[in-house]
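Data block below; observations after.
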Amino acid sequence: MFVSSYTLREIADYLNAELIGDAGLIITGIAGLVAAQSDDISFLANKAYQHQLDDTAAGAVILRESEATLFSGSKLVVADPYLSYARLSRWFDKALEVAPGIHPTAVIDPNARIGEGVSIGPHAVIGKGVFIGDDVVVGAGTVIGDGCTVGENTRFAANVTLYHSVIVGKGCRFHSSCVIGADGFGFAPDQNAGGWCKIHQLGGVVIGNGVEIGASTTVDRGALDDTVIEDGVIIDDQVHIAHNCVIGANTAIAANCGFAGSTKVGRNCTFAGAVGVVGHIDIADNVHVTGMTMVSKSIPEPGSYSSGTSAVTTRLWRKNAVRFNQLNELAQRVRKLETDSKPSDA
Amino acid sequence: MFVSSYTLREIADYLNAELIGDAGLIITGIAGLVAAQSDDISFLANKAYQHQLDDTAAGAVILRESEATLFSGSKLVVADPYLSYARLSRWFDKALEVAPGIHPTAVIDPNARIGEGVSIGPHAVIGKGVFIGDDVVVGAGTVIGDGCTVGENTRFAANVTLYHSVIVGKGCRFHSSCVIGADGFGFAPDQNAGGWCKIHQLGGVVIGNGVEIGASTTVDRGALDDTVIEDGVIIDDQVHIAHNCVIGANTAIAANCGFAGSTKVGRNCTFAGAVGVVGHIDIADNVHVTGMTMVSKSIPEPGSYSSGTSAVTTRLWRKNAVRFNQLNELAQRVRKLETDSKPSDA
Amino acid sequence: MFVSSYTLREIADYLNAELIGDAGLIITGIAGLVAAQSDDISFLANKAYQHQLDDTAAGAVILRESEATLFSGSKLVVADPYLSYARLSRWFDKALEVAPGIHPTAVIDPNARIGEGVSIGPHAVIGKGVFIGDDVVVGAGTVIGDGCTVGENTRFAANVTLYHSVIVGKGCRFHSSCVIGADGFGFAPDQNAGGWCKIHQLGGVVIGNGVEIGASTTVDRGALDDTVIEDGVIIDDQVHIAHNCVIGANTAIAANCGFAGSTKVGRNCTFAGAVGVVGHIDIADNVHVTGMTMVSKSIPEPGSYSSGTSAVTTRLWRKNAVRFNQLNELAQRVRKLETDSKPSDA
């Protein structure tokens with residue numbers, strides 16, 4: 001089995017932390033304050049959990065200077081314990097343990113160029129004209145279409161699909177069953193033939209550096225120009241990004257969101273789960289949208305936006321939902337009452 | 001082609017049913033009352049379809065004692081015809097016809113342990129340290145990551161992906177393109193670097209016995225602790241279960257639902273399609289949620305819950321949707337009218 | 001790299017267009033008016049972009065007779081420039097460049113029948129009893145289950161899954177990670193055992209001609225009868241079609257929609273993104289549903305339908321969302337005010 005083992009001193013140096021306590025302590029894992037054992041390091045990121053310091057069995061705790069006195073054991077004092085935990089988590093991730101090498105069952109086009117230190121798993125397929133940068137990991141069953149370019153240190157889990165001519169930056173991460181570069185949903189109505197005439201999607205997808213794409217997420221290729229995911233964008237599972245969208249740098253998109261075609265999203269935005277965004281609109285930088293919101297027009301100003309209604313008992317909901325569909329009429333009745341109640345103003 | 005053929009007596013014995021009629025009748029399929037032919041068995045589960053008994057060509061019908069006289073042909077009398085139909089359906093499922101054996105193109109790590117009677121399809125990949133129980137079926141192209149454990153009689157359709165260290169119980173069923181154990185969506189804001197620092201997801205996924213996971217459904221691995229799907233949970237297609245959720249035993253989740261991180265769902269709950277559930281809340285046992293509801297806080301009491309509004313003509317909707325965004329103001333105007341109309345109380 | 005090169009005359013003949021200008025002009029791509037270079041053809045489909053004709057560098061433009069005088073360069077005059085663009089896009093689609101032949105790593109059951117001119121990619125799997133028509137393309141890692149039938153000219157991208165006994169027409173297109181024929185979500189409550197008894201799904205899926213199925217879309221097999229997708233239906237990514245639905249010819253379904261079981265949708269309908277449709281209802285022909293609408297009962301008349309509320313600031317939304325759950329009470333208060341204000345009518 002996988003064993004990671006570090007001294008507290010090594011961890012302190014990596015995190016640029018002040019070490020108070022046993023520098024030689026051996027740490028083999030990270031855990032929450034409640035679950036931690038004596039060879040685990042833990043952290044206090046949220047004041048609400050201060051009381052858990054009293055009973056934790058953690059060998060060491062990462063915390064802020066202002067809370068350092070609350071714990072008598074070995075500790076690492078840092079400015080931002082949550083960020084330190086995030087940075088340290090990398091050292092304990094078994095998924096990163098991949099030996100370089102190309103599995104004999106992988107099918108790699110003779111025209112593809114493969115960098116140094118690359119790992120390509122069983123049954124992976126690399127198309128013609130593909131360029132794979134150094135230290136890239138391609139999981140089992142993953143298919144990289146003709147003419148794709150993949151920057152160094154990017155990782156594809158198993159069963160990912162990239163269509164042809166997708167450009168991917170450095171240090172990205174693609175989860176299983178995600179699909180990049182499938183055809184955008186473009187069809188012209190054909191009155192004579194009846195039905196729809198397919199608009200072949202001739203654009204590509206360009207993905208920046210440090211992008212994460214969740215499992216079963218789909219990013220479609222552009223109709224004529226490219227669909228663009230800028231640097232540092234993080235996208236959860238089951239998200240749909242339609243053709244010709246541009247998602248600005250460092251924007252975070254939670255699971256089940258959908259973005260219709262040609263919408264431009266700014267930088268540093270956050271979308272909670274299952275938000276739907278209509279096509280052909282612009283969303284400013286620093287816009288935050290709460291879960292299940294319907295965004296049906298451009299949002300030119302930063303801030304927090306919402307729509308929808310929240311769960312109540314079905315019995316209560318039924319009555320109110322009926323009234324919703326009478327709301328305009330109700331408002332007109334209220335206006336009439338207001339008018340009637342001021343006869344002397346007439 | 002696949003042929004299943006049973007006598008009515010064999011079926012009656014399996015269902016523990018009272019047989020009235022031709023015990024030797026050969027049954028080769030199940031069908032609805034309208035579509036059934038003379039070698040099919042059918043069933044009456046819903047009184048609304050009693051009239052279909054008059055014209056059915058079914059060779060035999062499964063029904064309740066109270067309705068037995070409504071059909072003059074061969075019949076099986078049971079307490080719960082719908083459950084009997086469900087139990088019998090298994091006998092006619094061609095998908096269960098899989099010969100044991102390991103396809104020569106499957107890639108199985110020499111360290112994996114494979115039980116008796118296992119079937120592993122073409123291009124499947126089994127990682128190191130994996131344990132596969134007896135009679136498991138692994139479909140073509142399915143990837144089982146390092147260190148996974150799979151209980152006996154579990155079935156994976158084609159192109160399923162399990163990441164590393166996922167624990168699966170007995171008698172489960174995983175549909176195509178589902179992904180179990182992808183990274184939960186965890187990132188810490190990094191003010192200095194700008195953007196996000198990935199929190200590597202060090203927990204696993206634990207799935208109980210008799211669980212069904214639909215096509216393209218994603219169950220993410222936990223951040224530190226595990227994501228847990230308890231025994232008997234049934235999950236439809238395109239559902240997202242985020243990291244560290246716990247889904248209680250026998251809960252049913254219809255398609256397109258999403259559960260954000262660390263939410264705990266009780267036992268015997270039902271979620272209709274496209275429900276969204278926010279993170280870090282608790283939902284009691286026996287909670288039922290109607291389709292497209294937004295659950296944004298804990299539900300401590302059993303019962304039925306809903307939100308949202310239902311389709312009307314776009315013309316009518318537009319007027320009411322505008323009024324929704326003036327609703328607080330409208331309520332204040334009504335209060336003013338009430339106050340004004342009671343001058344004598346002042 | 002892929003090069004497509006045509007004279008303007010060849011294009012005019014294909015589009016049945018009136019050619020004005022340089023018939024021998026060599027065209028190597030299609031682009032929008034702004035991005036087009038001198039060897040591109042462009043088009044004017046929307047009057048709002050007429051001004052872009054002034055500055056375009058396009059070698060030629062496709063436009064309507066009424067707008068022909070607005071552009072002095074080479075041009076093709078047609079009745080419907082958008083449809084002409086759609087038809088022409090096919091000539092520049094690199095994805096269509098697939099050489100016939102069966103990759104040596106593909107696993108094809110000896111009982112399968114494969115037509116002429118078929119292309120089967122690496123690691124694809126074709127089950128027993130499958131029939132594959134002429135000129136079909138099967139992408140890498142795609143799995144076609146036992147007993148499926150696929151009509152001529154149909155194309156499967158990489159990592160598609162068809163379960164057993166799925167029938168597909170001619171000229172269809174399936175995108176990656178889509179799953180056709182997974183089990184419908186059918187379970188009977190089992191009071192004695194507790195929990196659910198699986199209803200094995202014995203029906204199939206029948207897909208007509210010219211159907212497009214998006215990436216990560218799931219179409220489940222029927223319980224007893226088939227799930228049916230009629231000719232010319234176009235379905236975007238991440239859509240769920242439950243068991244026993246019937247989707248009428250030429251209906252268009254945008255991303256993230258979900259249709260619950262046994263619902264029948266008419267012809268020529270359009271569903272914008274993330275619409276949810278309840279089960280066991282009927283939707284007429286020519287029904288149009290706007291994004292994120294909840295359709296909870298049958299729609300017997302053609303027209304446009306909507307529900308939901310649109311994004312506003314979270315601050316404003318909170319106040320109004322609270323009022324929504326008091327709406328019935330508010331309406332009752334308004335009625336009381338109306339009654340009180342008409343004492344003389346009593």
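FYI, nothing fancy with the structure tokens labels: chains A, B, ... in order, residues from 1 per chain, ligands from 1 as they appear.
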So that I can see what lies close to Leu202 of chain A, please list as a tab-separated table (two decimals) with all heavy atoms, in the first residue's frame the residues with an atom at most 10 Å from it, counting only C-alpha atoms and leaving out residues fewer than 2 positions away in the same chain.
```tsv
chain	number	residue	atom	x	y	z
A	165	SER	N	-8.42	18.37	-32.46
A	165	SER	CA	-8.05	19.79	-32.47
A	165	SER	C	-8.46	20.54	-31.21
A	165	SER	O	-8.89	21.70	-31.28
A	165	SER	CB	-8.64	20.50	-33.70
A	165	SER	OG	-8.34	19.79	-34.88
A	183	ASP	N	-19.49	18.14	-30.84
A	183	ASP	CA	-20.14	19.17	-31.66
A	183	ASP	C	-21.05	20.05	-30.83
A	183	ASP	O	-21.88	19.56	-30.06
A	183	ASP	CB	-21.01	18.51	-32.74
A	183	ASP	CG	-20.19	17.87	-33.84
A	183	ASP	OD1	-18.97	18.05	-33.87
A	183	ASP	OD2	-20.81	17.19	-34.68
A	184	GLY	N	-20.93	21.36	-30.99
A	184	GLY	CA	-21.93	22.26	-30.46
A	184	GLY	C	-23.28	21.95	-31.10
A	184	GLY	O	-23.35	21.32	-32.16
A	199	ILE	N	-25.44	22.07	-38.63
A	199	ILE	CA	-24.33	23.00	-38.86
A	199	ILE	C	-23.08	22.34	-38.30
A	199	ILE	O	-22.94	22.19	-37.08
A	199	ILE	CB	-24.59	24.35	-38.16
A	199	ILE	CG1	-25.86	24.99	-38.71
A	199	ILE	CG2	-23.39	25.27	-38.33
A	199	ILE	CD1	-26.31	26.23	-37.95
A	200	HIS	N	-22.21	21.88	-39.19
A	200	HIS	CA	-21.00	21.21	-38.72
A	200	HIS	C	-20.18	22.22	-37.92
A	200	HIS	O	-20.10	23.39	-38.29
A	200	HIS	CB	-20.23	20.62	-39.90
A	200	HIS	CG	-20.96	19.43	-40.45
A	200	HIS	ND1	-20.58	18.15	-40.19
A	200	HIS	CD2	-22.09	19.35	-41.20
A	200	HIS	CE1	-21.43	17.31	-40.78
A	200	HIS	NE2	-22.36	18.02	-41.40
A	204	GLY	N	-12.83	25.03	-32.50
A	204	GLY	CA	-12.22	24.08	-31.58
A	204	GLY	C	-12.56	24.43	-30.14
A	204	GLY	O	-13.54	25.12	-29.85
A	221	ARG	N	-17.23	22.06	-28.84
A	221	ARG	CA	-16.40	22.84	-29.75
A	221	ARG	C	-17.23	23.96	-30.38
A	221	ARG	O	-18.45	23.89	-30.48
A	221	ARG	CB	-15.77	21.96	-30.82
A	221	ARG	CG	-16.75	21.39	-31.81
A	221	ARG	CD	-16.10	20.31	-32.73
A	221	ARG	NE	-14.81	20.71	-33.22
A	221	ARG	CZ	-13.65	20.15	-32.79
A	221	ARG	NH1	-13.68	19.15	-31.94
A	221	ARG	NH2	-12.50	20.56	-33.26
A	222	GLY	N	-16.55	25.01	-30.82
A	222	GLY	CA	-17.23	26.17	-31.40
A	222	GLY	C	-17.76	25.90	-32.80
A	222	GLY	O	-17.33	24.97	-33.49
A	223	ALA	N	-18.71	26.72	-33.19
A	223	ALA	CA	-19.30	26.59	-34.52
A	223	ALA	C	-18.28	27.01	-35.58
A	223	ALA	O	-17.98	26.25	-36.50
A	223	ALA	CB	-20.56	27.45	-34.63
A	224	LEU	N	-17.75	28.22	-35.45
A	224	LEU	CA	-16.72	28.71	-36.37
A	224	LEU	C	-15.49	29.10	-35.57
A	224	LEU	O	-14.38	28.72	-35.90
A	224	LEU	CB	-17.25	29.92	-37.15
A	224	LEU	CG	-18.38	29.56	-38.15
A	224	LEU	CD1	-19.03	30.82	-38.69
A	224	LEU	CD2	-17.83	28.71	-39.31
A	225	ASP	N	-15.67	29.89	-34.50
A	225	ASP	CA	-14.57	30.24	-33.62
A	225	ASP	C	-14.48	29.19	-32.51
A	225	ASP	O	-15.24	28.23	-32.49
A	225	ASP	CB	-14.81	31.64	-33.03
A	225	ASP	CG	-14.99	32.66	-34.15
A	225	ASP	OD1	-14.25	32.58	-35.15
A	225	ASP	OD2	-15.89	33.51	-34.03
A	226	ASP	N	-13.57	29.41	-31.56
A	226	ASP	CA	-13.35	28.42	-30.51
A	226	ASP	C	-14.20	28.68	-29.25
A	226	ASP	O	-14.55	29.82	-28.95
A	226	ASP	CB	-11.87	28.45	-30.07
A	226	ASP	CG	-10.94	28.05	-31.20
A	226	ASP	OD1	-11.32	27.21	-32.04
A	226	ASP	OD2	-9.81	28.58	-31.24
C	29	GLY	N	-12.08	27.76	-46.38
C	29	GLY	CA	-12.72	27.70	-45.07
C	29	GLY	C	-13.96	28.56	-45.01
C	29	GLY	O	-14.25	29.33	-45.93
C	30	ILE	N	-14.74	28.39	-43.93
C	30	ILE	CA	-15.89	29.25	-43.65
C	30	ILE	C	-15.56	30.02	-42.38
C	30	ILE	O	-14.98	29.45	-41.45
C	30	ILE	CB	-17.18	28.45	-43.35
C	30	ILE	CG1	-17.43	27.40	-44.42
C	30	ILE	CG2	-18.36	29.38	-43.21
C	30	ILE	CD1	-18.75	26.65	-44.22
C	31	ALA	N	-15.95	31.28	-42.32
C	31	ALA	CA	-15.74	32.05	-41.09
C	31	ALA	C	-16.81	33.12	-40.98
C	31	ALA	O	-17.50	33.43	-41.96
C	31	ALA	CB	-14.35	32.68	-41.10
C	89	SER	N	-21.25	23.84	-44.37
C	89	SER	CA	-20.33	23.54	-43.25
C	89	SER	C	-19.82	22.11	-43.33
C	89	SER	O	-18.69	21.82	-42.93
C	89	SER	CB	-21.04	23.80	-41.92
C	89	SER	OG	-22.13	22.89	-41.74
C	90	ARG	N	-20.64	21.25	-43.86
C	90	ARG	CA	-20.28	19.84	-44.00
C	90	ARG	C	-18.99	19.65	-44.79
C	90	ARG	O	-18.22	18.73	-44.53
C	90	ARG	CB	-21.44	19.15	-44.72
C	90	ARG	CG	-21.40	17.65	-44.69
C	90	ARG	CD	-22.66	17.06	-45.29
C	90	ARG	NE	-22.59	15.62	-45.12
C	90	ARG	CZ	-21.77	14.84	-45.79
C	90	ARG	NH1	-20.96	15.36	-46.68
C	90	ARG	NH2	-21.76	13.54	-45.55
C	92	PHE	N	-16.40	21.29	-44.76
C	92	PHE	CA	-15.18	21.72	-44.07
C	92	PHE	C	-15.00	21.04	-42.71
C	92	PHE	O	-14.21	21.47	-41.89
C	92	PHE	CB	-15.19	23.25	-43.92
C	92	PHE	CG	-15.16	23.98	-45.22
C	92	PHE	CD1	-16.34	24.40	-45.83
C	92	PHE	CD2	-13.96	24.23	-45.87
C	92	PHE	CE1	-16.32	25.05	-47.06
C	92	PHE	CE2	-13.93	24.88	-47.09
C	92	PHE	CZ	-15.11	25.29	-47.70
C	93	ASP	N	-15.73	19.96	-42.49
C	93	ASP	CA	-15.70	19.30	-41.18
C	93	ASP	C	-14.64	18.21	-41.16
C	93	ASP	O	-14.80	17.14	-41.75
C	93	ASP	CB	-17.08	18.70	-40.88
C	93	ASP	CG	-17.17	18.16	-39.46
C	93	ASP	OD1	-16.14	18.13	-38.75
C	93	ASP	OD2	-18.28	17.78	-39.06
C	94	LYS	N	-13.54	18.49	-40.47
C	94	LYS	CA	-12.43	17.52	-40.39
C	94	LYS	C	-12.86	16.19	-39.77
C	94	LYS	O	-12.25	15.16	-40.01
C	94	LYS	CB	-11.30	18.08	-39.52
C	94	LYS	CG	-10.65	19.32	-40.06
C	94	LYS	CD	-9.61	19.81	-39.06
C	94	LYS	CE	-9.14	21.21	-39.42
C	94	LYS	NZ	-8.18	21.73	-38.44
C	95	ALA	N	-13.89	16.24	-38.93
C	95	ALA	CA	-14.30	15.02	-38.24
C	95	ALA	C	-14.81	13.97	-39.22
C	95	ALA	O	-14.86	12.78	-38.90
C	95	ALA	CB	-15.39	15.35	-37.21
```
Legend entry - Test item, alpha helix (DSSP H) assignment across segment 34-280 of chain B, answer as a PyMOL selection string: chain B and resi 81-89
Could you save those same residues with N, CA, C and O atoms as a compact mmCIF listing (two decimals), in the first residue's frame?
```
# COMPACT_ATOMS: atom_id res chain seq x y z
N PRO B 81 -49.38 -7.76 -7.09
CA PRO B 81 -49.01 -8.11 -8.47
C PRO B 81 -47.82 -7.31 -9.01
O PRO B 81 -47.04 -7.83 -9.80
N TYR B 82 -47.69 -6.06 -8.58
CA TYR B 82 -46.58 -5.24 -9.10
C TYR B 82 -45.24 -5.79 -8.62
O TYR B 82 -44.29 -5.92 -9.40
N LEU B 83 -45.20 -6.17 -7.35
CA LEU B 83 -43.97 -6.77 -6.82
C LEU B 83 -43.70 -8.12 -7.48
O LEU B 83 -42.55 -8.46 -7.80
N SER B 84 -44.75 -8.87 -7.72
CA SER B 84 -44.56 -10.18 -8.38
C SER B 84 -44.02 -9.99 -9.80
O SER B 84 -43.14 -10.73 -10.25
N TYR B 85 -44.55 -9.01 -10.49
CA TYR B 85 -44.02 -8.69 -11.83
C TYR B 85 -42.54 -8.32 -11.73
O TYR B 85 -41.71 -8.79 -12.52
N ALA B 86 -42.20 -7.48 -10.74
CA ALA B 86 -40.79 -7.08 -10.58
C ALA B 86 -39.91 -8.30 -10.35
O ALA B 86 -38.87 -8.47 -10.99
N ARG B 87 -40.36 -9.18 -9.46
CA ARG B 87 -39.55 -10.37 -9.15
C ARG B 87 -39.40 -11.26 -10.39
O ARG B 87 -38.33 -11.81 -10.65
N LEU B 88 -40.49 -11.40 -11.14
CA LEU B 88 -40.45 -12.29 -12.30
C LEU B 88 -39.64 -11.69 -13.46
O LEU B 88 -39.06 -12.43 -14.27
N SER B 89 -39.58 -10.37 -13.53
CA SER B 89 -38.89 -9.72 -14.66
C SER B 89 -37.45 -10.21 -14.80
O SER B 89 -36.91 -10.30 -15.91
```
Inset, instruction - Report the residues of segment 130-325 of chain A whose backbone DSSP state falls under strand (DSSP E or B), written as a PyMOL selection string. - result: chain A and resi 131-132+137-138+143-144+149-150+155-156+161-162+166-168+173-174+179-180+187-189+196-198+205-207+212-213+218-219+227-229+234-235+240-241+246-247+252-253+258-259+264-265+270-271+276-277+282-283+287-289+294-295+299+303-306+312-313
Legend entry - At most 8 Å to chain A: residues in chain C, only C-alpha atoms, as an MDAnalysis selection string: chainID C and resid 30:32 82:83 85:87 89:90 92:95 122:123 140:141 158:159 175:177 214:216 232 236:238 250 254:256 268 273:274 291:292 308:315 317 321 324:328 331 334 337:338 341
Would you write out those residues with C-alpha atoms, as a tab-separated table (two decimals), in the first residue's frame?
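Contents of the output file result38.tsv:
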```tsv
chain	number	residue	atom	x	y	z
C	30	ILE	CA	-15.89	29.25	-43.65
C	31	ALA	CA	-15.74	32.05	-41.09
C	32	GLY	CA	-17.84	34.81	-39.60
C	82	TYR	CA	-28.23	30.42	-42.73
C	83	LEU	CA	-29.39	27.15	-44.24
C	85	TYR	CA	-24.10	27.99	-44.42
C	86	ALA	CA	-25.33	24.90	-42.59
C	87	ARG	CA	-25.28	22.84	-45.77
C	89	SER	CA	-20.33	23.54	-43.25
C	90	ARG	CA	-20.28	19.84	-44.00
C	92	PHE	CA	-15.18	21.72	-44.07
C	93	ASP	CA	-15.70	19.30	-41.18
C	94	LYS	CA	-12.43	17.52	-40.39
C	95	ALA	CA	-14.30	15.02	-38.24
C	122	PRO	CA	-9.14	1.14	-31.72
C	123	HIS	CA	-10.54	-0.80	-28.77
C	140	ALA	CA	-12.37	4.36	-30.37
C	141	GLY	CA	-13.56	2.63	-27.23
C	158	ALA	CA	-15.34	7.65	-29.13
C	159	ASN	CA	-16.47	6.04	-25.87
C	175	HIS	CA	-21.47	11.83	-29.25
C	176	SER	CA	-18.98	10.59	-26.66
C	177	SER	CA	-20.07	9.18	-23.31
C	214	GLY	CA	-25.29	14.70	-27.60
C	215	ALA	CA	-22.34	13.92	-25.35
C	216	SER	CA	-23.20	12.32	-21.99
C	232	GLY	CA	-34.85	13.80	-37.23
C	236	ASP	CA	-27.95	18.13	-27.06
C	237	ASP	CA	-25.52	17.06	-24.29
C	238	GLN	CA	-26.42	15.81	-20.80
C	250	ASN	CA	-37.84	16.63	-35.60
C	254	ALA	CA	-31.26	21.44	-25.62
C	255	ALA	CA	-28.72	20.47	-22.97
C	256	ASN	CA	-29.53	19.32	-19.42
C	268	ASN	CA	-41.48	19.69	-34.09
C	273	GLY	CA	-31.94	24.02	-21.74
C	274	ALA	CA	-32.59	22.33	-18.40
C	291	GLY	CA	-35.26	27.20	-20.35
C	292	MET	CA	-35.52	25.64	-16.88
C	308	GLY	CA	-39.62	29.79	-13.03
C	309	THR	CA	-38.22	33.13	-12.01
C	310	SER	CA	-35.21	35.05	-13.26
C	311	ALA	CA	-32.05	36.19	-11.52
C	312	VAL	CA	-32.04	39.42	-9.55
C	313	THR	CA	-29.71	40.51	-6.77
C	314	THR	CA	-29.67	38.00	-3.94
C	315	ARG	CA	-30.71	40.78	-1.56
C	317	TRP	CA	-34.53	37.81	-4.22
C	321	ALA	CA	-38.70	34.34	-2.10
C	324	PHE	CA	-43.64	33.49	-2.29
C	325	ASN	CA	-44.17	31.07	0.54
C	326	GLN	CA	-46.80	33.44	1.99
C	327	LEU	CA	-48.51	34.04	-1.33
C	328	ASN	CA	-51.73	32.19	-0.66
C	331	ALA	CA	-54.09	36.57	-1.77
C	334	VAL	CA	-56.35	40.95	-0.65
C	337	LEU	CA	-59.68	43.92	1.65
C	338	GLU	CA	-61.84	43.74	-1.46
C	341	SER	CA	-64.11	47.81	0.78
```
Legend entry - For Asp134 of chain A: contacts at 9 Å, only C-alpha atoms, fewer than 2 positions along chain excluded, given as a list of chain:residue names: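 Final neighbour list, sorted by chain and number: A:Ile114, A:Gly115, A:Glu116, A:Gly117, A:Val118, A:Ile132, A:Val136, A:Gly151, A:Glu152, A:Asn153, A:Thr154.
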Saved selection, atoms kept: N, CA and C atoms, as a compact mmCIF listing (two decimals), in the first residue's frame:
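Saved to again-v7.txt:
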```txt
# COMPACT_ATOMS: atom_id res chain seq x y z
N ILE A 114 5.28 12.55 -28.22
CA ILE A 114 5.05 12.32 -26.80
C ILE A 114 6.26 12.80 -26.03
N GLY A 115 6.02 13.65 -25.00
CA GLY A 115 7.12 14.23 -24.22
C GLY A 115 7.81 13.23 -23.29
N GLU A 116 8.68 13.77 -22.45
CA GLU A 116 9.42 12.96 -21.46
C GLU A 116 8.54 12.69 -20.24
N GLY A 117 8.74 11.54 -19.62
CA GLY A 117 8.10 11.26 -18.34
C GLY A 117 6.59 11.08 -18.42
N VAL A 118 6.10 10.84 -19.63
CA VAL A 118 4.64 10.71 -19.82
C VAL A 118 4.19 9.31 -19.41
N ILE A 132 1.85 15.71 -26.94
CA ILE A 132 1.66 15.49 -25.51
C ILE A 132 2.91 15.99 -24.79
N VAL A 136 2.87 14.36 -18.66
CA VAL A 136 1.41 14.22 -18.78
C VAL A 136 1.02 12.79 -18.40
N GLY A 151 -0.56 20.45 -22.80
CA GLY A 151 0.59 21.02 -22.10
C GLY A 151 1.11 20.11 -20.99
N GLU A 152 2.33 20.41 -20.53
CA GLU A 152 3.01 19.55 -19.56
C GLU A 152 2.23 19.44 -18.25
N ASN A 153 2.42 18.30 -17.60
CA ASN A 153 1.85 18.07 -16.28
C ASN A 153 0.33 18.00 -16.24
N THR A 154 -0.29 17.96 -17.38
CA THR A 154 -1.75 17.79 -17.39
C THR A 154 -2.08 16.31 -17.18
```
Legend entry - Atom-to-atom span, atom CA of Ile234 of chain A and atom CA of Thr149 of chain A, Å: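 Calculated distance between atom CA of Ile234 of chain A and atom CA of Thr149 of chain A is 19.8 Å.
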Inset, instruction - Write out as a ChimeraX atom specification each polymer residue whose atoms come within 12 Å of Gly73 of chain C, counting only C-alpha atoms; drop sequence neighbours fewer than 6 positions from it. - result: /C:19-23,25,38,41-42,53-63
Legend entry - Coordinates-based distance that separates atom CA of Val166 of chain A from atom CA of Val233 of chain C (Å, one decimal): 27.4 Å
Inset, instruction - Work out how far atom CA of Ser4 of chain B is from atom CA of Phe71 of chain B, in Å to one decimal. - result: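 Atom CA of Ser4 of chain B lies 25.1 Å from atom CA of Phe71 of chain B.
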